$ cat entry_20.csv   # CSV, C-alpha atoms
chain,number,residue,atom,x,y,z
A,1,PRO,CA,28.6,19.5,-30.7
A,2,THR,CA,25.6,21.2,-29.3
A,3,ASN,CA,22.8,19.3,-27.7
A,4,ALA,CA,19.6,21.0,-28.9
A,5,LEU,CA,17.5,18.8,-26.7
A,6,GLY,CA,19.1,19.8,-23.4
A,7,ASN,CA,19.8,17.1,-20.9
A,8,LEU,CA,17.7,14.4,-22.5
A,9,TYR,CA,20.6,13.2,-24.7
A,10,THR,CA,24.4,12.9,-24.1
A,11,PHE,CA,27.1,13.1,-26.8
A,12,ALA,CA,28.5,9.6,-27.5
A,13,GLY,CA,31.2,10.4,-30.1
A,14,TRP,CA,31.6,10.6,-33.9
A,15,TYR,CA,30.9,7.9,-36.5
A,16,THR,CA,30.9,7.6,-40.3
A,17,ASP,CA,28.3,6.1,-42.7
A,18,LYS,CA,29.2,4.1,-45.9
A,19,SER,CA,30.6,6.4,-48.6
A,20,PHE,CA,29.3,6.6,-52.1
A,21,THR,CA,30.8,7.8,-55.4
A,22,GLN,CA,29.7,10.0,-58.2
A,23,LEU,CA,31.0,10.1,-61.9
A,24,VAL,CA,31.7,13.6,-63.0
A,25,THR,CA,32.2,14.3,-66.8
A,26,ASN,CA,33.0,17.2,-69.2
A,27,LEU,CA,35.6,18.7,-67.0
A,28,ASN,CA,38.7,20.3,-68.5
A,29,ALA,CA,41.9,18.3,-68.3
A,30,ASN,CA,44.2,18.7,-65.3
A,31,ALA,CA,41.1,19.0,-63.0
A,32,LYS,CA,41.8,18.3,-59.3
A,33,THR,CA,39.5,16.6,-56.7
A,34,ARG,CA,40.1,15.7,-53.1
A,35,ASP,CA,39.6,12.2,-51.8
A,36,LEU,CA,38.2,12.7,-48.4
A,37,SER,CA,39.0,9.2,-47.3
A,38,ASN,CA,42.8,9.9,-47.1
A,39,TYR,CA,43.1,13.6,-47.8
A,40,THR,CA,45.4,13.1,-50.8
A,41,ASP,CA,45.2,15.0,-54.1
A,42,LYS,CA,44.7,13.1,-57.4
A,43,GLN,CA,45.7,14.6,-60.7
A,44,TYR,CA,43.9,13.7,-63.9
A,45,SER,CA,45.7,14.6,-67.1
A,46,GLY,CA,44.1,14.4,-70.5
A,47,ASN,CA,41.0,12.8,-69.0
A,48,SER,CA,37.5,14.2,-69.3
A,49,LYS,CA,36.2,12.2,-66.3
A,50,TYR,CA,37.0,11.8,-62.6
A,51,VAL,CA,35.4,10.2,-59.6
A,52,ARG,CA,34.2,12.3,-56.7
A,53,LYS,CA,33.9,10.4,-53.3
A,54,TYR,CA,31.6,11.5,-50.5
A,55,ILE,CA,31.9,10.5,-46.8
A,56,TYR,CA,29.3,11.6,-44.2
A,57,VAL,CA,30.4,12.1,-40.6
A,58,TYR,CA,27.7,12.0,-37.9
A,59,ALA,CA,27.6,13.0,-34.2
A,60,LYS,CA,26.1,10.2,-32.1
A,61,TRP,CA,23.7,11.1,-29.2
A,62,ASP,CA,22.5,8.6,-26.6
A,63,LYS,CA,19.3,9.2,-24.8
A,64,VAL,CA,19.8,9.8,-21.1
A,65,PRO,CA,18.0,7.1,-19.2
A,66,PHE,CA,15.4,7.6,-16.6
A,67,TYR,CA,17.4,8.0,-13.4
A,68,MET,CA,17.6,9.3,-9.8
A,69,GLU,CA,20.7,10.0,-7.8
A,70,GLY,CA,21.3,8.9,-4.2
A,71,ALA,CA,23.8,10.3,-1.7
A,72,ASN,CA,25.8,9.8,1.4
A,73,LEU,CA,24.2,12.0,4.1
A,74,GLY,CA,27.3,12.0,6.3
A,75,GLU,CA,27.5,11.6,10.0
A,76,LYS,CA,25.2,12.9,12.8
A,77,GLN,CA,24.7,12.3,16.5
A,78,TYR,CA,21.9,10.6,18.4
A,79,GLY,CA,19.2,13.1,19.2
A,80,ASP,CA,20.1,15.5,16.3
A,81,ASN,CA,17.1,17.1,14.5
A,82,VAL,CA,17.6,16.6,10.7
A,83,LYS,CA,16.0,17.6,7.4
A,84,PHE,CA,17.6,16.0,4.4
A,85,GLU,CA,16.4,16.9,1.0
A,86,LEU,CA,16.2,14.0,-1.5
A,87,ASN,CA,17.0,14.1,-5.2
A,88,LEU,CA,14.1,13.7,-7.6
A,89,ALA,CA,13.9,11.6,-10.8
A,90,HIS,CA,15.0,12.9,-14.2
A,91,ASN,CA,14.1,12.0,-17.9
A,92,GLY,CA,10.8,10.3,-17.2
A,93,SER,CA,7.3,11.3,-18.0
A,94,GLY,CA,7.0,13.6,-15.1
A,95,ASN,CA,4.0,11.8,-13.6
A,96,TYR,CA,5.7,10.2,-10.6
A,97,ARG,CA,4.9,8.6,-7.3
A,98,TYR,CA,7.6,8.5,-4.6
A,99,SER,CA,7.9,6.2,-1.6
A,100,ILE,CA,10.3,4.8,0.9
A,101,ASP,CA,10.5,1.8,3.2
A,102,SER,CA,9.9,3.5,6.5
A,103,SER,CA,11.4,0.5,8.4
A,104,SER,CA,14.8,1.2,6.9
A,105,LEU,CA,14.8,4.8,8.2
A,106,PRO,CA,16.5,5.9,11.4
A,107,ASN,CA,14.1,5.7,14.4
A,108,GLY,CA,12.3,9.0,14.8
A,109,THR,CA,12.4,10.1,11.1
A,110,MET,CA,9.9,10.0,8.3
A,111,LEU,CA,9.5,10.9,4.6
A,112,VAL,CA,7.8,14.3,4.2
A,113,ASN,CA,6.5,15.9,1.0
A,114,GLU,CA,6.7,19.7,1.1
A,115,ASN,CA,5.4,21.4,-2.1
A,116,GLY,CA,6.7,18.6,-4.4
A,117,LYS,CA,10.1,18.3,-2.6
A,118,TYR,CA,10.8,15.3,-0.5
A,119,TYR,CA,12.7,15.3,2.8
A,120,ILE,CA,13.8,12.9,5.6
A,121,LEU,CA,12.7,14.8,8.7
A,122,GLY,CA,12.8,14.2,12.4
A,123,ASP,CA,15.0,13.4,15.4
A,124,LEU,CA,17.7,10.6,15.2
A,125,LEU,CA,16.8,8.3,18.0
A,126,CYS,CA,19.1,5.3,17.5
A,127,PRO,CA,22.8,5.2,16.8
A,128,GLY,CA,24.0,3.0,13.9
A,129,ASP,CA,24.7,2.9,10.2
A,130,PHE,CA,21.6,3.2,8.0
A,131,SER,CA,20.9,2.5,4.3
A,132,PHE,CA,17.6,3.1,2.6
A,133,ASN,CA,16.2,3.4,-0.9
A,134,PHE,CA,14.1,6.3,-2.2
A,135,VAL,CA,11.8,4.8,-4.9
A,136,CYS,CA,10.2,6.6,-7.8
A,137,TYR,CA,7.5,5.0,-9.9
A,138,ASP,CA,6.8,6.5,-13.4
A,139,ILE,CA,3.1,6.1,-13.7
A,140,ASP,CA,2.8,6.8,-17.4
A,141,LYS,CA,5.7,4.5,-18.4
A,142,ASP,CA,5.1,1.9,-15.7
A,143,THR,CA,8.7,2.0,-14.7
A,144,GLU,CA,10.3,2.0,-11.3
A,145,ILE,CA,13.8,3.2,-10.2
A,146,SER,CA,15.4,3.8,-6.8
A,147,ALA,CA,18.3,5.8,-5.3
A,148,ASN,CA,20.3,4.6,-2.3
A,149,TYR,CA,21.1,6.9,0.7
A,150,THR,CA,23.4,6.1,3.6
A,151,LEU,CA,23.7,7.8,7.0
A,152,SER,CA,25.8,7.2,10.1
A,153,VAL,CA,24.3,8.1,13.4
A,154,ASN,CA,27.0,8.2,16.2
A,155,LYS,CA,26.5,8.1,19.9
A,156,ARG,CA,25.9,11.5,21.5
A,157,GLU,CA,29.1,12.8,23.0
A,158,ILE,CA,29.2,14.4,26.4
A,159,THR,CA,32.0,15.5,28.7
A,160,ILE,CA,31.3,15.6,32.4
A,161,LEU,CA,33.4,17.5,35.0
A,162,ILE,CA,33.3,16.0,38.5
A,163,ASN,CA,33.5,18.8,41.1
A,164,ASP,CA,36.2,18.8,43.7
A,165,LYS,CA,35.1,18.4,47.3
A,166,SER,CA,36.7,18.8,50.7
A,167,SER,CA,35.7,18.3,54.4
A,168,VAL,CA,37.4,18.5,57.8
A,169,PHE,CA,38.7,15.3,59.3
A,170,GLY,CA,36.0,13.6,61.4
A,171,GLU,CA,33.1,15.5,59.9
A,172,ALA,CA,30.4,14.2,57.6
A,173,LEU,CA,31.4,13.9,54.0
A,174,GLU,CA,29.9,16.2,51.3
A,175,ASN,CA,27.6,14.9,48.6
A,176,LEU,CA,29.4,14.3,45.2
A,177,ASP,CA,28.1,16.1,42.2
A,178,TYR,CA,29.1,17.1,38.6
A,179,GLU,CA,28.4,19.5,35.8
A,180,ILE,CA,28.3,19.0,32.0
A,181,GLN,CA,31.3,20.7,30.4
A,182,SER,CA,30.4,20.0,26.8
A,183,GLY,CA,27.6,18.4,24.9
A,184,SER,CA,24.0,18.1,26.0
A,185,ILE,CA,21.5,15.4,27.1
A,186,TYR,CA,18.6,14.8,24.6
A,187,GLY,CA,15.1,15.3,26.0
A,188,ASP,CA,14.5,13.6,29.3
A,189,ASP,CA,17.2,10.9,28.8
A,190,ASN,CA,18.8,9.5,32.0
A,191,LEU,CA,22.5,8.7,31.8
A,192,ASN,CA,22.3,6.8,35.2
A,193,ILE,CA,25.5,8.5,36.3
A,194,GLN,CA,27.2,7.3,39.5
A,195,LEU,CA,30.1,8.9,41.3
A,196,ARG,CA,32.4,7.0,43.6
A,197,SER,CA,35.5,7.5,45.7
A,198,SER,CA,37.4,5.6,48.3
A,199,VAL,CA,37.0,8.3,50.8
A,200,ALA,CA,35.0,7.5,53.9
A,201,ASP,CA,33.8,9.2,57.1
A,202,ASP,CA,36.9,7.9,59.0
A,203,SER,CA,39.4,8.4,56.3
A,204,PRO,CA,42.7,10.0,57.4
A,205,ILE,CA,43.9,13.4,56.1
A,206,GLY,CA,44.7,13.3,52.4
A,207,SER,CA,43.4,13.5,48.8
A,208,TYR,CA,41.1,10.9,47.2
A,209,SER,CA,40.1,10.6,43.5
A,210,ILE,CA,36.5,10.8,42.5
A,211,TYR,CA,35.4,8.7,39.5
A,212,GLY,CA,32.3,8.5,37.4
A,213,SER,CA,30.4,5.9,35.4
A,214,PHE,CA,27.2,5.9,33.3
A,215,ASN,CA,24.7,3.5,31.7
A,216,ASN,CA,23.0,4.6,28.5
A,217,GLU,CA,23.9,2.9,25.1
A,218,ASN,CA,23.0,6.1,23.2
A,219,TYR,CA,25.8,8.1,24.7
A,220,ASP,CA,29.5,8.3,24.8
A,221,VAL,CA,30.5,10.0,28.1
A,222,THR,CA,33.9,11.2,29.0
A,223,PHE,CA,34.5,11.9,32.7
A,224,ILE,CA,37.1,14.4,34.1
A,225,SER,CA,37.8,13.0,37.6
A,226,GLY,CA,37.6,15.2,40.7
A,227,THR,CA,39.5,15.1,44.0
A,228,TYR,CA,38.1,14.8,47.6
A,229,LYS,CA,40.4,16.3,50.2
A,230,ILE,CA,40.2,15.6,54.0
A,231,THR,CA,41.8,18.5,55.8
A,232,LYS,CA,43.1,18.8,59.4
A,233,LYS,CA,40.7,19.5,62.2
A,234,ARG,CA,41.5,22.3,64.5
A,235,ILE,CA,40.6,21.5,68.1
A,236,VAL,CA,40.7,24.0,71.0
A,237,TYR,CA,40.8,22.6,74.5
A,238,THR,CA,39.9,24.9,77.3
A,239,LEU,CA,41.6,24.1,80.7
A,240,ASN,CA,39.6,24.7,83.8
A,241,ASN,CA,40.8,27.5,86.1
A,242,TYR,CA,43.4,26.3,88.6
A,243,ALA,CA,44.3,28.0,91.8
A,244,GLY,CA,47.2,27.0,93.9
A,245,VAL,CA,50.2,28.2,95.9
A,246,TYR,CA,53.5,28.2,94.0
A,247,ASP,CA,55.7,25.5,95.4
A,248,GLY,CA,58.5,25.5,92.9
A,249,GLN,CA,57.5,22.2,91.5
A,250,GLU,CA,56.5,21.1,88.0
A,251,HIS,CA,52.8,20.3,87.5
A,252,SER,CA,51.6,18.4,84.4
A,253,VAL,CA,48.4,18.9,82.5
A,254,THR,CA,46.8,15.9,80.8
A,255,LEU,CA,44.7,16.2,77.7
A,256,ASP,CA,42.3,13.4,76.7
A,257,ILE,CA,42.4,13.1,72.9
A,258,SER,CA,40.0,10.6,71.3
A,259,ARG,CA,41.5,10.8,67.8
A,260,ASN,CA,45.0,10.8,66.4
A,261,LEU,CA,46.1,14.3,65.3
A,262,ASP,CA,49.3,15.5,63.8
A,263,THR,CA,49.8,18.3,66.2
A,264,VAL,CA,48.2,19.4,69.5
A,265,LYS,CA,48.7,22.9,70.8
A,266,ALA,CA,47.6,23.8,74.4
A,267,GLU,CA,47.6,27.4,75.6
A,268,TYR,CA,47.3,28.5,79.2
A,269,SER,CA,48.1,31.6,81.3
A,270,LEU,CA,49.2,32.4,84.8
A,271,ASP,CA,47.9,35.6,86.2
A,272,GLY,CA,47.7,37.0,82.7
A,273,ILE,CA,51.2,35.8,81.7
A,274,ASN,CA,51.4,33.0,79.1
$ encode --input "entry_20.csv" --output "structure tokens"
Amino acid sequence: PTNALGNLYTFAGWYTDKSFTQLVTNLNANAKTRDLSNYTDKQYSGNSKYVRKYIYVYAKWDKVPFYMEGANLGEKQYGDNVKFELNLAHNGSGNYRYSIDSSSLPNGTMLVNENGKYYILGDLLCPGDFSFNFVCYDIDKDTEISANYTLSVNKREITILINDKSSVFGEALENLDYEIQSGSIYGDDNLNIQLRSSVADDSPIGSYSIYGSFNNENYDVTFISGTYKITKKRIVYTLNNYAGVYDGQEHSVTLDISRNLDTVKAEYSLDGIN
């Protein structure tokens, strides 16, 4: 069936009304008629009368109620800038007033009317799961309906790479630092990042892991650890000139070393010969 009134009504099925009969006379014998109730033929022989039965079949249409549809707005991250368009009401008088409970909206957003269209607009400033009702009041019919919307705001995800460092044994350690590998920090937020390692000024030669930590409930930070390497220190000792008469005996040279080293190499020359 065709709905001539558009979306104001919806087809609800077929139904029949009570049937009625009509006496028909002055027909020739052997006349036939069809009984619509069971679709069987009846034969009348030598009879000048028969009964015709009528059954009316109707299409039933239900009026579509005054309604407004909500939606699941999906998932976003803390700090995202959003603009969600809301669904408007249908099948009312058309004279509407819309509103929303602003306390139920995510922090940093508001309801905005732009040329008759309504949006949730702003920055998402608090992680969590939100549910709010968009309310429509039909002024002419004094009727109010609402549509529910849901939104999940996740913590902002960031991956931080801790830079590798190295220094020579016995020298001052370099400052630890990092760089953001993926994601971004919203506005002027401070993640309170701290980098730590077991390496110290007097640590022996070797490799030491560098770890990171943060403190901000609006973020989910993943650290890629770095490595601090302490390398060998090259020390060159210069021996003072020595002059003497060769006597065929061995003479020892003593080096005063203040730190433990893996290898010490001393070089000297005699009259230009190593």
$ residues_around --input "entry_20.csv" --residues "A:Glu174" --least-positions-apart "5" --cutoff "8 Å" --atoms "all atoms listed in the file" --output "compact mmCIF listing (two decimals) with C-alpha atoms, keeping the file's coordinate frame"
# COMPACT_ATOMS: atom_id res chain seq x y z
CA LYS A 165 35.10 18.40 47.30
CA SER A 166 36.70 18.80 50.70
CA SER A 167 35.70 18.30 54.40
$ atom_distance --input "entry_20.csv" --atom1 "atom CA of A:Ile193" --atom2 "atom CA of A:Tyr208"
19.2 Å
$ residues_around --input "entry_20.csv" --residues "A:Lys229" --least-positions-apart "3" --cutoff "12 Å" --atoms "only C-alpha atoms" --output "MDAnalysis selection string"
chainID A and resid 163:169 173:174 197:201 203:210 226 232
$ residues_near_point --input "entry_20.csv" --point "(30.0, 8.3, -39.6)" --cutoff "7 Å" --atoms "all atoms listed in the file" --output "list of chain:residue names"
A:Trp14, A:Tyr15, A:Thr16, A:Asp17, A:Tyr56, A:Val57, A:Tyr58
$ atom_distance --input "entry_20.csv" --atom1 "atom CA of A:Phe223" --atom2 "atom CA of A:Ile160"
4.9 Å
$ residues_around --input "entry_20.csv" --residues "A:Asn87" --least-positions-apart "6" --cutoff "9 Å" --atoms "all atoms listed in the file" --output "mmCIF file with C-alpha atoms, keeping the file's coordinate frame"
data_model
loop_
_atom_site.group_PDB
_atom_site.id
_atom_site.type_symbol
_atom_site.label_atom_id
_atom_site.label_comp_id
_atom_site.auth_asym_id
_atom_site.auth_seq_id
_atom_site.Cartn_x
_atom_site.Cartn_y
_atom_site.Cartn_z
ATOM 1 C CA MET A 68 17.600 9.300 -9.800
ATOM 2 C CA GLU A 69 20.700 10.000 -7.800
ATOM 3 C CA GLY A 70 21.300 8.900 -4.200
ATOM 4 C CA ALA A 71 23.800 10.300 -1.700
ATOM 5 C CA LYS A 117 10.100 18.300 -2.600
ATOM 6 C CA TYR A 118 10.800 15.300 -0.500
ATOM 7 C CA PHE A 134 14.100 6.300 -2.200
ATOM 8 C CA ALA A 147 18.300 5.800 -5.300
#
$ residues_around --input "entry_20.csv" --residues "A:Tyr67" --least-positions-apart "3" --cutoff "12 Å" --atoms "all atoms listed in the file" --output "ChimeraX atom specification"
/A:8,63-64,70,87-94,134-138,143-148
